[in-house]
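The structure appears right after this line, and notes come after that.
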Amino acid sequence: MSGMSKNAKINTLLLLLVAALAVLPIALGLGDGKEEPFAGADGQAEAAITELKPDYEPWFSPLYEPPSAEIESALFALQAALGAGVLAYYFGVRKGRRQGAAAAAAATAPEA
């Protein structure tokens, strides 16, 4: 890593950290013995409410109920990807405008 710039080193370390966060729970067996080892917070909250108050009736039902957990996960991943794309586009446009404004200011600056 000696030939890399400081930003490249930081990005590489962050990428390794994210990979470790994704792999370590599975490698350490943190989900072993559970029916759905890495269930979402919604499912855990529903289980806790059902345990505390078995006769609880939800105020409303979902507009769309996916036919399986796999489709629900795919839709969630698609939603996350679309959100990341919108954010990346926004920050790219901002950076482009800043660079364009700086280039225009440099081009119109009087020479001393």
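Each chain in the structure tokens gets a letter, A, B, ..., in the order shown, and its residues are numbered from 1; ligands are numbered from 1 in order too.
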
Can you list every residue in segment 3-83 of chain A that DSSP puts in helix (DSSP H, G or I), as a VMD selection string?
chain A and resid 6 to 27 41 to 52 69 to 83

Would you kindly return, as a list in words, each protein, DNA or RNA residue with an atom no farther than 12 Å from any atom of Tyr56 of chain A, considering only C-alpha atoms and excluding same-chain residues fewer than 6 positions away?
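Everything that qualifies: Glu46, Ala47, Ala48, Ile49 and Thr50 of chain A.
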
At a cut-off of 12 Å, using only C-alpha atoms, what residues contact Glu65 of chain A? Leave out same-chain residues fewer than 6 positions from it and give the result as a PyMOL selection string.
chain A and resi 71-72+75

Report, in Å to a single decimal, how far apart atom CA of Ala45 of chain A and atom CA of Glu57 of chain A are.
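Between atom CA of Glu57 of chain A and atom CA of Ala45 of chain A the gap works out to 13.9 Å.
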
Just how far from atom CA of Phe76 of chain A is atom CA of Asn11 of chain A, in Å to one decimal?
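Distance between the two atoms: 25.8 Å.
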
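For the atom pair formed by atom CA of Asp42 of chain A and atom CA of Ser61 of chain A, the distance is 13.6 Å, given to one decimal.
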